[in-house]
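What follows is one structure encoded as structure tokens, with my remarks underneath.
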Amino acid sequence: MRTSAEFDGVKALLLDMDGTIVDSDAVVERCWHRWAGEQGLDPVEVMKVVHGRQGYATMAALLPDRPMELNYADNRRMLAEETASLDGVVPVPGAPA
């Protein structure tokens, strides 16, 4: 746990939701396309429901009879992959300035 003294002088904190500073859509799409292929699903159709919800919830919507523990496990694996992969992550126009 951090103490308030560690934050003395801090005036702001910026948390980046994708699209604020960087665009990682290429990474997200690559991971979801791979997952879709593993499940025998059409990646194009999967991408239509991915954005705007947690990964495990997307998996549950696409495969409603699939055990949630598999969705949670796959979601953890995909988040680790998305975090580790920088190939295709680019700054949002104007962010570097």
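Just so we're on the same page: first chain in the structure tokens is A, next is B, and so on; residues restart at 1 for each chain, and ligands are numbered from 1 in the order they show up.
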
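The list of residues with at least one atom within 10 Å of Asp25 of chain A, based on only C-alpha atoms and without residues fewer than 2 positions apart in the same chain, reads Asp18, Gly19, Val22, Asp23, Val27, Val28, Glu29, Arg30, Cys31, His51, Glu82, Gly88, Val89 and Val90 of chain A.
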
Those same residues - C-alpha atoms - I'd like them written as a compact mmCIF listing (two decimals), in the first residue's frame.
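Produced file result13.txt, reproduced below:
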# COMPACT_ATOMS: atom_id res chain seq x y z
CA ASP A 18 -7.58 2.13 -25.56
CA GLY A 19 -7.92 4.97 -28.02
CA VAL A 22 -2.55 4.42 -27.99
CA ASP A 23 -4.51 2.31 -30.41
CA VAL A 27 -3.34 -6.64 -31.00
CA VAL A 28 -6.90 -7.14 -29.76
CA GLU A 29 -8.09 -8.28 -33.17
CA ARG A 30 -5.16 -10.67 -33.59
CA CYS A 31 -5.88 -12.31 -30.22
CA HIS A 51 -15.89 -4.40 -28.24
CA GLU A 82 -2.59 -8.47 -25.31
CA GLY A 88 0.66 -3.05 -34.08
CA VAL A 89 0.27 -0.72 -31.08
CA VAL A 90 0.45 2.83 -32.41

Based on DSSP run over this structure's backbone, return all residues of chain A in strand (DSSP E or B), as a PyMOL selection string. chain A and resi 22-23+90-91

The selected residues should be written to file as an mmCIF file, in the first residue's frame (atoms: all heavy atoms).
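Listing of part35.cif after writing:
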data_model
loop_
_atom_site.group_PDB
_atom_site.id
_atom_site.type_symbol
_atom_site.label_atom_id
_atom_site.label_comp_id
_atom_site.auth_asym_id
_atom_site.auth_seq_id
_atom_site.Cartn_x
_atom_site.Cartn_y
_atom_site.Cartn_z
ATOM 1 N N VAL A 22 -2.989 5.424 -27.020
ATOM 2 C CA VAL A 22 -2.546 4.420 -27.990
ATOM 3 C C VAL A 22 -3.743 3.679 -28.575
ATOM 4 O O VAL A 22 -4.811 3.626 -27.971
ATOM 5 C CB VAL A 22 -1.567 3.397 -27.369
ATOM 6 C CG1 VAL A 22 -0.304 4.075 -26.886
ATOM 7 C CG2 VAL A 22 -2.222 2.604 -26.271
ATOM 8 N N ASP A 23 -3.514 3.139 -29.738
ATOM 9 C CA ASP A 23 -4.510 2.307 -30.409
ATOM 10 C C ASP A 23 -3.922 0.906 -30.494
ATOM 11 O O ASP A 23 -2.930 0.685 -31.179
ATOM 12 C CB ASP A 23 -4.783 2.869 -31.807
ATOM 13 C CG ASP A 23 -5.737 2.023 -32.620
ATOM 14 O OD1 ASP A 23 -6.095 0.905 -32.187
ATOM 15 O OD2 ASP A 23 -6.117 2.470 -33.715
ATOM 16 N N VAL A 90 -0.001 1.550 -31.845
ATOM 17 C CA VAL A 90 0.446 2.826 -32.406
ATOM 18 C C VAL A 90 -0.146 3.983 -31.605
ATOM 19 O O VAL A 90 -1.213 3.834 -30.992
ATOM 20 C CB VAL A 90 0.024 2.958 -33.887
ATOM 21 C CG1 VAL A 90 0.717 1.906 -34.743
ATOM 22 C CG2 VAL A 90 -1.482 2.849 -34.052
ATOM 23 N N PRO A 91 0.525 5.128 -31.592
ATOM 24 C CA PRO A 91 -0.046 6.267 -30.886
ATOM 25 C C PRO A 91 -1.273 6.793 -31.611
ATOM 26 O O PRO A 91 -1.372 6.730 -32.834
ATOM 27 C CB PRO A 91 1.076 7.305 -30.901
ATOM 28 C CG PRO A 91 2.042 6.868 -31.928
ATOM 29 C CD PRO A 91 1.827 5.402 -32.167
#

What's the separation between atom CA of Ala12 of chain A and atom CA of Leu86 of chain A, in Å to one decimal place?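 Distance between the two atoms: 25.9 Å.
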
Please indicate the distance in Å from atom CA of Ser85 of chain A to atom CA of Thr58 of chain A, rounded to one decimal place.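 Rounded to one decimal, the two atoms are 20.9 Å apart.
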
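With atom CA of Pro96 of chain A on one side and atom CA of Leu79 of chain A on the other, the separation reads 25.2 Å.
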
Nearest to Leu63 of chain A: which of A:Gln39, A:Val49, A:Asp8, A:Arg77 is it, counting only C-alpha atoms? A:Gln39

If we count only C-alpha atoms, what is near Tyr56 of chain A at a cut-off of 9 Å, once residues fewer than 3 positions away on the same chain are taken out, given as a PyMOL selection string? chain A and resi 53+59-61+68+70-76

Any chance you could export the current selection's N, CA, C and O atoms as a PDB file, in the first residue's frame?
ATOM      1  N   ARG A  53     -17.299  -4.973 -24.005  1.00  0.00           N
ATOM      2  CA  ARG A  53     -17.616  -5.901 -22.906  1.00  0.00           C
ATOM      3  C   ARG A  53     -16.358  -6.658 -22.506  1.00  0.00           C
ATOM      4  O   ARG A  53     -15.399  -6.719 -23.261  1.00  0.00           O
ATOM      5  N   MET A  59     -17.131 -14.235 -24.611  1.00  0.00           N
ATOM      6  CA  MET A  59     -17.049 -15.690 -24.809  1.00  0.00           C
ATOM      7  C   MET A  59     -18.365 -16.353 -24.420  1.00  0.00           C
ATOM      8  O   MET A  59     -18.844 -17.247 -25.122  1.00  0.00           O
ATOM      9  N   ALA A  60     -18.948 -15.912 -23.311  1.00  0.00           N
ATOM     10  CA  ALA A  60     -20.220 -16.479 -22.858  1.00  0.00           C
ATOM     11  C   ALA A  60     -21.338 -16.180 -23.843  1.00  0.00           C
ATOM     12  O   ALA A  60     -22.214 -17.025 -24.071  1.00  0.00           O
ATOM     13  N   ALA A  61     -21.322 -14.991 -24.432  1.00  0.00           N
ATOM     14  CA  ALA A  61     -22.350 -14.641 -25.416  1.00  0.00           C
ATOM     15  C   ALA A  61     -22.204 -15.483 -26.687  1.00  0.00           C
ATOM     16  O   ALA A  61     -23.201 -15.885 -27.286  1.00  0.00           O
ATOM     17  N   MET A  68     -18.182 -21.356 -17.621  1.00  0.00           N
ATOM     18  CA  MET A  68     -17.594 -20.043 -17.364  1.00  0.00           C
ATOM     19  C   MET A  68     -16.141 -20.137 -16.931  1.00  0.00           C
ATOM     20  O   MET A  68     -15.348 -19.241 -17.235  1.00  0.00           O
ATOM     21  N   LEU A  70     -13.876 -21.916 -18.143  1.00  0.00           N
ATOM     22  CA  LEU A  70     -13.066 -21.889 -19.368  1.00  0.00           C
ATOM     23  C   LEU A  70     -12.987 -20.479 -19.929  1.00  0.00           C
ATOM     24  O   LEU A  70     -11.940 -20.052 -20.430  1.00  0.00           O
ATOM     25  N   ASN A  71     -14.098 -19.752 -19.852  1.00  0.00           N
ATOM     26  CA  ASN A  71     -14.100 -18.361 -20.317  1.00  0.00           C
ATOM     27  C   ASN A  71     -13.144 -17.515 -19.487  1.00  0.00           C
ATOM     28  O   ASN A  71     -12.381 -16.711 -20.025  1.00  0.00           O
ATOM     29  N   TYR A  72     -13.184 -17.681 -18.168  1.00  0.00           N
ATOM     30  CA  TYR A  72     -12.285 -16.924 -17.300  1.00  0.00           C
ATOM     31  C   TYR A  72     -10.823 -17.273 -17.595  1.00  0.00           C
ATOM     32  O   TYR A  72      -9.967 -16.384 -17.652  1.00  0.00           O
ATOM     33  N   ALA A  73     -10.539 -18.546 -17.779  1.00  0.00           N
ATOM     34  CA  ALA A  73      -9.164 -18.970 -18.069  1.00  0.00           C
ATOM     35  C   ALA A  73      -8.686 -18.414 -19.405  1.00  0.00           C
ATOM     36  O   ALA A  73      -7.573 -17.882 -19.509  1.00  0.00           O
ATOM     37  N   ASP A  74      -9.525 -18.509 -20.439  1.00  0.00           N
ATOM     38  CA  ASP A  74      -9.153 -17.964 -21.742  1.00  0.00           C
ATOM     39  C   ASP A  74      -9.001 -16.453 -21.676  1.00  0.00           C
ATOM     40  O   ASP A  74      -8.110 -15.878 -22.301  1.00  0.00           O
ATOM     41  N   ASN A  75      -9.858 -15.791 -20.912  1.00  0.00           N
ATOM     42  CA  ASN A  75      -9.776 -14.345 -20.782  1.00  0.00           C
ATOM     43  C   ASN A  75      -8.445 -13.938 -20.132  1.00  0.00           C
ATOM     44  O   ASN A  75      -7.789 -12.996 -20.591  1.00  0.00           O
ATOM     45  N   ARG A  76      -8.024 -14.653 -19.086  1.00  0.00           N
ATOM     46  CA  ARG A  76      -6.738 -14.354 -18.448  1.00  0.00           C
ATOM     47  C   ARG A  76      -5.588 -14.532 -19.440  1.00  0.00           C
ATOM     48  O   ARG A  76      -4.681 -13.701 -19.510  1.00  0.00           O
TER      49      ARG A  76
END

Considering only alpha helix (DSSP H) as DSSP defines it on the backbone, what residues of segment 48-83 of chain A qualify? List them as a list in words.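 Here are the alpha helix (DSSP H) residues of segment 48-83 of chain A: Lys48, Val49, Val50, Gly55, Tyr56, Ala57, Thr58, Met59, Ala60, Ala61, Leu62, Met68, Glu69, Leu70, Asn71, Tyr72, Ala73, Asp74, Asn75, Arg76, Arg77, Met78, Leu79, Ala80, Glu81, Glu82 and Thr83 of chain A.
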
Find the spatial neighbours of Val44 of chain A, counting only C-alpha atoms, within a cut-off of 12 Å - ignore same-chain residues fewer than 2 positions away - and output them as a PyMOL selection string. chain A and resi 29-30+32-37+41-42+46-50

Quick one: write out the picked residues with N, CA and C atoms as a tab-separated table (two decimals), in the first residue's frame?
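Output file out23.tsv follows:
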chain	number	residue	atom	x	y	z
A	29	GLU	N	-7.52	-7.51	-32.07
A	29	GLU	CA	-8.09	-8.28	-33.17
A	29	GLU	C	-7.30	-9.56	-33.43
A	30	ARG	N	-5.99	-9.48	-33.36
A	30	ARG	CA	-5.16	-10.67	-33.59
A	30	ARG	C	-5.47	-11.74	-32.54
A	32	TRP	N	-8.24	-12.08	-30.70
A	32	TRP	CA	-9.61	-12.59	-30.86
A	32	TRP	C	-9.74	-13.47	-32.10
A	33	HIS	N	-9.05	-13.13	-33.15
A	33	HIS	CA	-9.09	-13.98	-34.36
A	33	HIS	C	-8.53	-15.36	-34.04
A	34	ARG	N	-7.40	-15.38	-33.29
A	34	ARG	CA	-6.82	-16.67	-32.91
A	34	ARG	C	-7.80	-17.46	-32.05
A	35	TRP	N	-8.40	-16.80	-31.04
A	35	TRP	CA	-9.36	-17.48	-30.17
A	35	TRP	C	-10.54	-18.01	-30.97
A	36	ALA	N	-11.05	-17.20	-31.88
A	36	ALA	CA	-12.20	-17.62	-32.70
A	36	ALA	C	-11.85	-18.88	-33.49
A	37	GLY	N	-10.66	-18.90	-34.08
A	37	GLY	CA	-10.23	-20.08	-34.83
A	37	GLY	C	-10.15	-21.32	-33.95
A	41	LEU	N	-15.06	-20.68	-34.69
A	41	LEU	CA	-15.97	-19.57	-34.98
A	41	LEU	C	-15.40	-18.68	-36.07
A	42	ASP	N	-16.28	-17.98	-36.76
A	42	ASP	CA	-15.87	-17.03	-37.79
A	42	ASP	C	-15.32	-15.77	-37.12
A	46	VAL	N	-17.14	-12.86	-34.77
A	46	VAL	CA	-16.72	-12.67	-33.38
A	46	VAL	C	-16.41	-11.20	-33.12
A	47	MET	N	-15.71	-10.55	-34.04
A	47	MET	CA	-15.32	-9.15	-33.85
A	47	MET	C	-16.53	-8.23	-33.76
A	48	LYS	N	-17.66	-8.67	-34.27
A	48	LYS	CA	-18.87	-7.84	-34.20
A	48	LYS	C	-19.41	-7.72	-32.78
A	49	VAL	N	-19.01	-8.63	-31.88
A	49	VAL	CA	-19.54	-8.60	-30.50
A	49	VAL	C	-18.45	-8.37	-29.45
A	50	VAL	N	-17.21	-8.23	-29.85
A	50	VAL	CA	-16.10	-8.13	-28.90
A	50	VAL	C	-16.06	-6.80	-28.15
